[in-house]
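Structure record follows, encoded as structure tokens.
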Amino acid sequence: MIGLIGLGLMGRPIGLRLLAAGHPLMVWNRSPEKALPLIREGARAATDLAEIGQHCQLILLCLSDAEAVRAVVLGATGLGVLQPQQLIVDLSSISPEQTRAIAAQTAAHWVDAPVSGGVRGAENGSLVVMAGGQEQDIDRLRPIAQAFSQRLTAMGGLGCGQVSKLCNQLIVAANSLLIAEAIALAEAAGVDATRLPSALAGGYADSLPFQTLAPRMASHQHEPVQWKVATLRKDLANVLQCAATEGLPLKLAALALQQLDQAMHAGWQEDDLSRIIDLYGVKLC
């Protein structure tokens with residue numbers, strides 16, 4: 001039995017992919033109603049976290065931040081005492097330092113395996129997984145990850161998956177803000193920005209973030225939420241923390257964080273990342 005904890009934007013489609021692949025699944029979420037789509041597909045709902053800790057040998061975490069991971073694994077109402085044969089796979093994006101600190105306080109084996117590819121990637125099983133941990137533990141994860149990912153890469157020891165995800169988020173954060181500036185420039189100069197995604201497709205400026213964000217930014221349509229502003233802001237703060245630990249100044253990352261802070265101060269924490277176009281005050285053509 002596989003345990004899955006956290007059924008938000010990413011956890012729910014990952015769970016559905018696991019069920020479709022035939023994996024027996026026990027699920028838990030802080031808001032129980034989010035488990036209903038998975039229960040309808042055959043998942044078993046845990047009454048509490050301790051039930052997952054008792055019955056699941058492999059436990060996937062898909063949570064919002066390190067505080068949530070710590071509470072689930074080590075909290076008074078968390079998983080409880082875990083055994084050395086159990087494996088925790090953390091798909092969440094938290095800092096490497098937090099990963100190592102939490103993992104050190106449990107007897108279970110641990111793999112940090114953050115993912116990239118967004119909600120669409122989770123839905124169609126094309127996520128990429130960056131894994132850190134012992135080789136035998138990563139190999140144990142591989143057949144499970146095939147249900148929701150196109151590729152799993154072992155990046156090194158514990159925490160290396162999170163470092164790799166930070167590198168991913170650094171590129172994505174800067175790219176996302178440049179996409180917003182490109183849309184703003186096009187609109188300000190009288191170009192129909194809705195044509196940019198097809199016009200630039202296949203060129204050097206093209207990317208998955210561009211094809212995901214540019215249409216939403218150009219049309220100023222930000223629903224449904226696929227990637228929250230607060231999520232990227234959290235990840236970018238972890239990038240700068242990691243860089244500071246290594247004595248490495250990241251000037252572009254710092255500028256990107258300032259822009260995301262503006263979006264947070266505007267009250268867009270739970271909005272889709274495409275909302276950052278509104279920082280530039282552009283109007284529809």
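Chain labels follow the order of the structure tokens: the first chain is A, the next B, and so on; residue numbering restarts at 1 in every chain, and ligands are counted from 1 in their shown order.
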DSSP alpha helix (DSSP H) selection over range 110-149 of chain A, as a VMD selection string: chain A and resid 118 to 124 135 to 145
For the selection you just gave me, I'd like the residues written to a file as a compact mmCIF listing (two decimals), in the first residue's frame, keeping N, CA and C atoms.
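That gives us result_39.txt:
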```txt
# COMPACT_ATOMS: atom_id res chain seq x y z
N GLY A 118 4.52 21.18 -13.51
CA GLY A 118 3.25 21.82 -13.20
C GLY A 118 2.07 20.87 -13.19
N VAL A 119 0.90 21.48 -13.05
CA VAL A 119 -0.34 20.70 -12.96
C VAL A 119 -0.55 19.87 -14.22
N ARG A 120 -0.29 20.46 -15.38
CA ARG A 120 -0.47 19.71 -16.63
C ARG A 120 0.43 18.49 -16.67
N GLY A 121 1.67 18.66 -16.22
CA GLY A 121 2.59 17.53 -16.20
C GLY A 121 2.14 16.43 -15.27
N ALA A 122 1.55 16.82 -14.13
CA ALA A 122 1.02 15.82 -13.20
C ALA A 122 -0.18 15.10 -13.81
N GLU A 123 -1.02 15.84 -14.51
CA GLU A 123 -2.22 15.25 -15.09
C GLU A 123 -1.90 14.26 -16.21
N ASN A 124 -0.90 14.59 -17.03
CA ASN A 124 -0.61 13.71 -18.17
C ASN A 124 0.59 12.79 -17.93
N GLU A 135 21.03 5.28 -3.23
CA GLU A 135 20.71 4.73 -4.54
C GLU A 135 19.63 3.66 -4.47
N GLN A 136 19.70 2.78 -3.47
CA GLN A 136 18.71 1.71 -3.37
C GLN A 136 17.32 2.25 -3.06
N ASP A 137 17.25 3.37 -2.34
CA ASP A 137 15.96 3.97 -2.04
C ASP A 137 15.37 4.63 -3.29
N ILE A 138 16.22 5.29 -4.07
CA ILE A 138 15.76 5.90 -5.32
C ILE A 138 15.28 4.82 -6.29
N ASP A 139 16.00 3.69 -6.34
CA ASP A 139 15.58 2.59 -7.21
C ASP A 139 14.22 2.03 -6.76
N ARG A 140 13.96 2.06 -5.48
CA ARG A 140 12.67 1.61 -4.96
C ARG A 140 11.54 2.53 -5.41
N LEU A 141 11.86 3.80 -5.59
CA LEU A 141 10.86 4.78 -6.02
C LEU A 141 10.56 4.67 -7.52
N ARG A 142 11.54 4.27 -8.31
CA ARG A 142 11.42 4.35 -9.78
C ARG A 142 10.13 3.75 -10.35
N PRO A 143 9.77 2.52 -10.00
CA PRO A 143 8.55 1.95 -10.61
C PRO A 143 7.28 2.70 -10.21
N ILE A 144 7.30 3.34 -9.06
CA ILE A 144 6.15 4.12 -8.62
C ILE A 144 6.09 5.43 -9.41
N ALA A 145 7.25 6.07 -9.57
CA ALA A 145 7.30 7.37 -10.25
C ALA A 145 6.93 7.27 -11.72
```
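Near Arg44 in chain A, within a cut-off of 9 Å and counting only C-alpha atoms, sit the residues Pro24, Leu25, Met26, Val27, Trp28, Leu38 and Ile39 of chain A, with same-chain residues fewer than 5 positions away left out.
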File of the preceding selection, C-alpha atoms, as a CSV table (one decimal), in the first residue's frame:
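Produced file part-v5.csv, reproduced below:
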```
chain,number,residue,atom,x,y,z
A,24,PRO,CA,-3.2,0.5,-4.1
A,25,LEU,CA,-3.4,3.9,-2.5
A,26,MET,CA,-4.3,5.3,1.0
A,27,VAL,CA,-4.7,9.1,1.0
A,28,TRP,CA,-5.0,11.9,3.6
A,38,LEU,CA,-9.5,9.8,-5.5
A,39,ILE,CA,-11.9,7.8,-3.3
```
- request: List every residue of range 26-107 of chain A that DSSP, applied to the backbone, labels as strand (DSSP E), and write the result as a ChimeraX atom specification.
  value: /A:26-28,44-45,58-61,87-90
Limited to C-alpha atoms, could you put the picked residues into a file as a PDB file, in the first residue's frame?
```
ATOM      1  CA  MET A  26      -4.255   5.319   0.971  1.00  0.00           C
ATOM      2  CA  VAL A  27      -4.734   9.091   1.047  1.00  0.00           C
ATOM      3  CA  TRP A  28      -4.983  11.888   3.579  1.00  0.00           C
ATOM      4  CA  ARG A  44      -8.770   4.340   0.656  1.00  0.00           C
ATOM      5  CA  ALA A  45      -9.173   7.372   2.915  1.00  0.00           C
ATOM      6  CA  LEU A  58       6.141   3.809   0.941  1.00  0.00           C
ATOM      7  CA  ILE A  59       4.724   7.245   1.772  1.00  0.00           C
ATOM      8  CA  LEU A  60       4.590  10.145  -0.684  1.00  0.00           C
ATOM      9  CA  LEU A  61       4.408  13.706   0.625  1.00  0.00           C
ATOM     10  CA  LEU A  87      10.437   4.910   2.806  1.00  0.00           C
ATOM     11  CA  ILE A  88       9.384   8.562   2.851  1.00  0.00           C
ATOM     12  CA  VAL A  89       9.437  10.219  -0.575  1.00  0.00           C
ATOM     13  CA  ASP A  90       9.026  13.967  -0.325  1.00  0.00           C
TER      14      ASP A  90
END
```
task: Just the residues within 12 Å of Ser207 in chain A, please, counting only C-alpha atoms, with nothing from its chain fewer than 3 positions along; format it as a PyMOL selection string.
output: chain A and resi 117+171-172+175-176+179+197-198+200-204+210-214
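Take the candidates A:Ile102, A:Ala173, A:Leu260, A:Leu91 and check each one against Leu152 in chain A using only C-alpha atoms; the shortest distance goes to A:Leu91.
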Name the residues in contact with Asp235 in chain A at a cut-off of 7 Å, using only C-alpha atoms, excluding same-chain residues fewer than 4 positions from it; report them as a PDB file with N, CA and C atoms, in the first residue's frame.
```pdb
ATOM      1  N   LEU A 166      15.801  23.789  -6.835  1.00  0.00           N
ATOM      2  CA  LEU A 166      16.080  25.217  -6.677  1.00  0.00           C
ATOM      3  C   LEU A 166      16.694  25.788  -7.951  1.00  0.00           C
ATOM      4  N   GLN A 169      13.860  26.227 -10.286  1.00  0.00           N
ATOM      5  CA  GLN A 169      13.002  27.357  -9.931  1.00  0.00           C
ATOM      6  C   GLN A 169      13.682  28.695 -10.185  1.00  0.00           C
ATOM      7  N   THR A 231       3.812  30.130  -4.188  1.00  0.00           N
ATOM      8  CA  THR A 231       4.674  28.958  -4.320  1.00  0.00           C
ATOM      9  C   THR A 231       6.023  29.331  -4.914  1.00  0.00           C
ATOM     10  N   VAL A 239      16.007  29.517  -2.824  1.00  0.00           N
ATOM     11  CA  VAL A 239      17.162  29.636  -3.725  1.00  0.00           C
ATOM     12  C   VAL A 239      18.193  30.574  -3.119  1.00  0.00           C
TER      13      VAL A 239
END
```
Taking 2 positions as the minimum chain separation for residues in the same chain, which residues sit within 12 Å of Leu19 in chain A when counting only C-alpha atoms? Answer as a compact mmCIF listing (two decimals) with N, CA and C atoms, in the first residue's frame.
```txt
# COMPACT_ATOMS: atom_id res chain seq x y z
N MET A 1 0.84 -1.19 0.00
CA MET A 1 0.00 0.00 0.00
C MET A 1 0.88 1.25 0.00
N ILE A 2 0.58 2.15 -0.92
CA ILE A 2 1.27 3.43 -0.98
C ILE A 2 0.43 4.47 -0.25
N GLY A 3 1.08 5.30 0.55
CA GLY A 3 0.41 6.41 1.19
C GLY A 3 0.68 7.69 0.44
N LEU A 4 -0.32 8.54 0.29
CA LEU A 4 -0.16 9.84 -0.34
C LEU A 4 -0.77 10.89 0.57
N ARG A 12 -3.34 15.77 -6.04
CA ARG A 12 -4.53 15.09 -6.55
C ARG A 12 -4.27 14.42 -7.90
N PRO A 13 -3.73 15.13 -8.92
CA PRO A 13 -3.49 14.44 -10.19
C PRO A 13 -2.43 13.34 -10.08
N ILE A 14 -1.44 13.52 -9.21
CA ILE A 14 -0.45 12.45 -9.01
C ILE A 14 -1.16 11.21 -8.45
N GLY A 15 -2.04 11.41 -7.49
CA GLY A 15 -2.79 10.29 -6.93
C GLY A 15 -3.65 9.59 -7.96
N LEU A 16 -4.31 10.36 -8.82
CA LEU A 16 -5.13 9.76 -9.87
C LEU A 16 -4.30 8.95 -10.85
N ARG A 17 -3.09 9.44 -11.15
CA ARG A 17 -2.20 8.68 -12.04
C ARG A 17 -1.78 7.36 -11.38
N ALA A 21 -2.66 3.51 -12.70
CA ALA A 21 -1.60 2.52 -12.96
C ALA A 21 -1.77 1.26 -12.14
N GLY A 22 -2.81 1.23 -11.30
CA GLY A 22 -3.10 0.02 -10.54
C GLY A 22 -2.46 -0.05 -9.16
N HIS A 23 -1.89 1.04 -8.66
CA HIS A 23 -1.26 1.02 -7.34
C HIS A 23 -2.31 1.19 -6.25
N PRO A 24 -2.32 0.32 -5.24
CA PRO A 24 -3.23 0.53 -4.10
C PRO A 24 -2.79 1.78 -3.33
N LEU A 25 -3.75 2.62 -2.97
CA LEU A 25 -3.42 3.94 -2.46
C LEU A 25 -4.27 4.28 -1.24
N MET A 26 -3.59 4.75 -0.20
CA MET A 26 -4.25 5.32 0.97
C MET A 26 -3.93 6.81 1.01
N VAL A 27 -4.94 7.65 1.17
CA VAL A 27 -4.73 9.09 1.05
C VAL A 27 -5.19 9.82 2.30
N PRO A 37 -12.34 12.88 -5.08
CA PRO A 37 -12.10 12.37 -6.43
C PRO A 37 -11.26 11.10 -6.45
N LEU A 38 -10.32 10.97 -5.51
CA LEU A 38 -9.49 9.77 -5.47
C LEU A 38 -10.24 8.59 -4.86
N ILE A 39 -11.08 8.87 -3.88
CA ILE A 39 -11.87 7.80 -3.27
C ILE A 39 -12.81 7.20 -4.31
N ARG A 40 -13.38 8.05 -5.15
CA ARG A 40 -14.28 7.55 -6.21
C ARG A 40 -13.54 6.64 -7.18
N GLU A 41 -12.23 6.82 -7.30
CA GLU A 41 -11.43 6.00 -8.21
C GLU A 41 -10.79 4.80 -7.52
N GLY A 42 -11.09 4.62 -6.22
CA GLY A 42 -10.63 3.42 -5.54
C GLY A 42 -9.64 3.62 -4.41
N ALA A 43 -9.27 4.85 -4.13
CA ALA A 43 -8.34 5.10 -3.02
C ALA A 43 -9.04 4.86 -1.69
N ARG A 44 -8.26 4.51 -0.70
CA ARG A 44 -8.77 4.34 0.66
C ARG A 44 -8.42 5.59 1.46
N ILE A 144 7.30 3.34 -9.06
CA ILE A 144 6.15 4.12 -8.62
C ILE A 144 6.09 5.43 -9.41
N ALA A 147 4.40 6.18 -12.95
CA ALA A 147 2.97 6.45 -13.13
C ALA A 147 2.70 7.94 -13.38
N PHE A 148 3.57 8.81 -12.88
CA PHE A 148 3.28 10.24 -13.00
C PHE A 148 4.43 11.05 -13.60
```
- request: Select, from A:Leu240, A:Ala218, A:Gly161, A:Pro224, the residue with the minimum atom-to-atom distance to Ala186 in chain A, counting only C-alpha atoms.
  value: A:Ala218
- request: Check the smallest atom-to-atom distance from each of A:Met130, A:Asp48, A:Val69, A:Glu223 to Ala101 in chain A using only C-alpha atoms, then report the winner.
  value: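 With only C-alpha atoms as the atom set, the closest residue is A:Val69.
A straight line drawn from CA of Gly11 in chain A to CA of Ile276 in chain A is 24.6 Å long.
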task: One decimal, Å: what's the distance from CA of Arg151 in chain A over to CA of Trp227 in chain A, could you say?
output: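 Distance reported for this atom pair: 21.1 Å.
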query: So what do you get for CA of Gln105 in chain A versus CA of Gly157 in chain A, distance-wise?
result: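 Between these atoms lies a distance of 16.8 Å.
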statement: In terms of only C-alpha atoms, the residue from A:Ala244, A:Leu170, A:Leu236, A:Val225 at minimal distance from Gln258 in chain A is A:Leu236
